[in-house]
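Enquirer: Dropping the structure in here first, questions after.
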Amino acid sequence: ESDLGFRSASYTVSCEDYVHVVEFSPFDCGSPASLLAYGGNQYVVVGTCRFKEEDTEVEDVEFTSLQVFLHGVRVDAIAWSPETRLDKLPPVIRFCTAAADRKVRLWTSDLQNNCDVKVMEGHTSYINHLVFEPAEGKQIASVSDDHTCRVWNLDGNETISFRLRSPGVSVCWHPEDICKLMVAEKKGTIRFYDLVTQHAILSLDSGQVPLMSADWCLTNTIKVGAVVANDWVIWDITRSSYPLEKRPAHVDKARHFRWSRANENLFATTGYPGKINSQLLVHHLGHPQPVMIGSASVGAGLSWHRTLPLCVIGGDRKLFFWMTEM
């Protein structure tokens, strides 16, 4: 049993800028190191991480910055493309960002002198989340406070738009069946869309509001999780449109929900940054209590490592990493 005292981060990396969002790449990029991108008020930094759990020669964590992208406006969300490869010559770095100016930007770099930015305009309000189609990486989906989910091709053209009934807070693409998109709305509904027919094929109801973040368990796609008000909720989409399990997690409103990529029963939630600290909770399905409580000064974003039970959140010129003992 874990002692439920607050744990400070397992590892910390210093950054140049306030970190608003941080994302590990969920894809194999052909390198033993993990790709990580973080975004601040002005920049996106792309780098690689090695942890001592992966490489005994690393002391704790080794972060190597590969490139700094001048973004010029606050970064609110980052998504990695599966086309990113570090084992090609030249390498390919491709990701997209959502920014405070309501634009989606597609970034492509060879880590040398060639960097291309494509700007996609259309959203009329704050963009909350975005994702690449995970098989080929030729499409991007984004959700916004403007009550739409939009799908874009890499030329920057909007190809599909779904009208939502409330702000779109999260969007996830099915890992194998690339015609299926999950869209979570602030008013508590999660819908699955078929991109061929452009119709909703299934919906889930959280039974309360506001839903702030949802995630599809990509290692076992019958599971969907979300944070709604102070609670985390989990559905089994084969059993009911209502949550199978729900528990209070955060004293104040919860902010993020993310499934681990290393273990389908592990997930993390964060609270809204309070006066001093942000709370990171790691939960294990079947355990009544969180298996870990982390505390970080402020805190923004949440992402899991591709293969380790390790998650990261951002803070004031810092990245905080927590390893969960399994």
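Every chain in the structure tokens takes a letter, A first, then B, and so on in the order presented; its residues are numbered from 1, and the ligands are numbered from 1 following the presented order.
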Write out as JSON lines a residue-level contact list of stretch 44-93 of chain A versus stretch 125-132 of chain A with cut-off 9 Å: for each qualifying residue the closest pair of atoms and the distance in Å to one decimal, counting only C-alpha atoms, rows sorted by chain and residue number upward.

Expert:
```
{"residue": "A:Asp76", "atom": "CA", "partner": "A:Asn128", "partner_atom": "CA", "distance": 7.2}
{"residue": "A:Ala77", "atom": "CA", "partner": "A:His129", "partner_atom": "CA", "distance": 5.8}
{"residue": "A:Ile78", "atom": "CA", "partner": "A:Leu130", "partner_atom": "CA", "distance": 7.1}
{"residue": "A:Ala79", "atom": "CA", "partner": "A:Val131", "partner_atom": "CA", "distance": 5.3}
{"residue": "A:Trp80", "atom": "CA", "partner": "A:Phe132", "partner_atom": "CA", "distance": 6.8}
{"residue": "A:Ser81", "atom": "CA", "partner": "A:Phe132", "partner_atom": "CA", "distance": 5.8}
{"residue": "A:Pro82", "atom": "CA", "partner": "A:Phe132", "partner_atom": "CA", "distance": 7.7}
```

Enquirer: Name all residues at most 8 Å from A:Asn265 (count only C-alpha atoms; drop same-chain ones fewer than 5 positions away) and give them as JSON, numbers by chain.

Expert: {"A": [259, 260, 284, 285]}

Enquirer: Write out as a PyMOL selection string each polymer residue whose atoms come within 10 Å of A:Ser109, counting only C-alpha atoms; drop sequence neighbours fewer than 5 positions from it.

Expert: chain A and resi 67+69+84+90-95+114-117

Enquirer: The selected residues should be written to file as a PDB file, in the first residue's frame (atoms: N, CA and C atoms).

Expert:
```
ATOM      1  N   GLN A  67      15.097  21.355 -30.737  1.00  0.00           N
ATOM      2  CA  GLN A  67      14.795  22.594 -31.463  1.00  0.00           C
ATOM      3  C   GLN A  67      13.818  23.438 -30.667  1.00  0.00           C
ATOM      4  N   PHE A  69      11.024  26.371 -31.250  1.00  0.00           N
ATOM      5  CA  PHE A  69      10.205  26.985 -32.301  1.00  0.00           C
ATOM      6  C   PHE A  69       9.619  28.269 -31.738  1.00  0.00           C
ATOM      7  N   THR A  84       6.452  11.733 -37.364  1.00  0.00           N
ATOM      8  CA  THR A  84       7.721  12.153 -36.760  1.00  0.00           C
ATOM      9  C   THR A  84       8.675  10.969 -36.653  1.00  0.00           C
ATOM     10  N   PRO A  90      17.125  13.301 -43.673  1.00  0.00           N
ATOM     11  CA  PRO A  90      17.153  13.997 -42.384  1.00  0.00           C
ATOM     12  C   PRO A  90      15.962  13.558 -41.519  1.00  0.00           C
ATOM     13  N   PRO A  91      16.025  13.826 -40.210  1.00  0.00           N
ATOM     14  CA  PRO A  91      14.887  13.476 -39.357  1.00  0.00           C
ATOM     15  C   PRO A  91      13.645  14.305 -39.701  1.00  0.00           C
ATOM     16  N   VAL A  92      12.489  13.831 -39.259  1.00  0.00           N
ATOM     17  CA  VAL A  92      11.229  14.556 -39.470  1.00  0.00           C
ATOM     18  C   VAL A  92      10.605  14.825 -38.107  1.00  0.00           C
ATOM     19  N   ILE A  93      10.393  16.088 -37.803  1.00  0.00           N
ATOM     20  CA  ILE A  93       9.647  16.471 -36.602  1.00  0.00           C
ATOM     21  C   ILE A  93       8.360  17.115 -37.090  1.00  0.00           C
ATOM     22  N   ARG A  94       7.222  16.545 -36.688  1.00  0.00           N
ATOM     23  CA  ARG A  94       5.945  17.139 -37.101  1.00  0.00           C
ATOM     24  C   ARG A  94       4.962  17.101 -35.931  1.00  0.00           C
ATOM     25  N   PHE A  95       4.389  18.263 -35.649  1.00  0.00           N
ATOM     26  CA  PHE A  95       3.404  18.366 -34.564  1.00  0.00           C
ATOM     27  C   PHE A  95       2.486  19.536 -34.906  1.00  0.00           C
ATOM     28  N   ASN A 114      15.390  23.663 -42.314  1.00  0.00           N
ATOM     29  CA  ASN A 114      14.071  23.722 -42.936  1.00  0.00           C
ATOM     30  C   ASN A 114      12.969  23.543 -41.903  1.00  0.00           C
ATOM     31  N   CYS A 115      12.174  24.582 -41.744  1.00  0.00           N
ATOM     32  CA  CYS A 115      11.030  24.526 -40.840  1.00  0.00           C
ATOM     33  C   CYS A 115       9.849  25.167 -41.544  1.00  0.00           C
ATOM     34  N   ASP A 116       8.760  24.434 -41.611  1.00  0.00           N
ATOM     35  CA  ASP A 116       7.575  24.914 -42.315  1.00  0.00           C
ATOM     36  C   ASP A 116       6.422  25.045 -41.316  1.00  0.00           C
ATOM     37  N   VAL A 117       5.686  26.129 -41.393  1.00  0.00           N
ATOM     38  CA  VAL A 117       4.505  26.319 -40.543  1.00  0.00           C
ATOM     39  C   VAL A 117       3.294  26.570 -41.427  1.00  0.00           C
TER      40      VAL A 117
END
```

Enquirer: What lies within 10 Å of A:Asp177 using only C-alpha atoms, ignoring chain neighbours under 2 positions off, as a PyMOL selection string?

Expert: chain A and resi 134-135+173-175+179-181+194

Enquirer: Of the candidates A:Trp216, A:Trp304, A:Phe321, A:Tyr38, which one gets nearest to A:Phe192 if we count only C-alpha atoms?

Expert: A:Trp216

Enquirer: Could you please write out, as a VMD selection string, every residue of stretch 195-229 of chain A that DSSP assigns to strand (DSSP E or B)?

Expert: chain A and resid 199 to 205 211 to 216 223 to 228
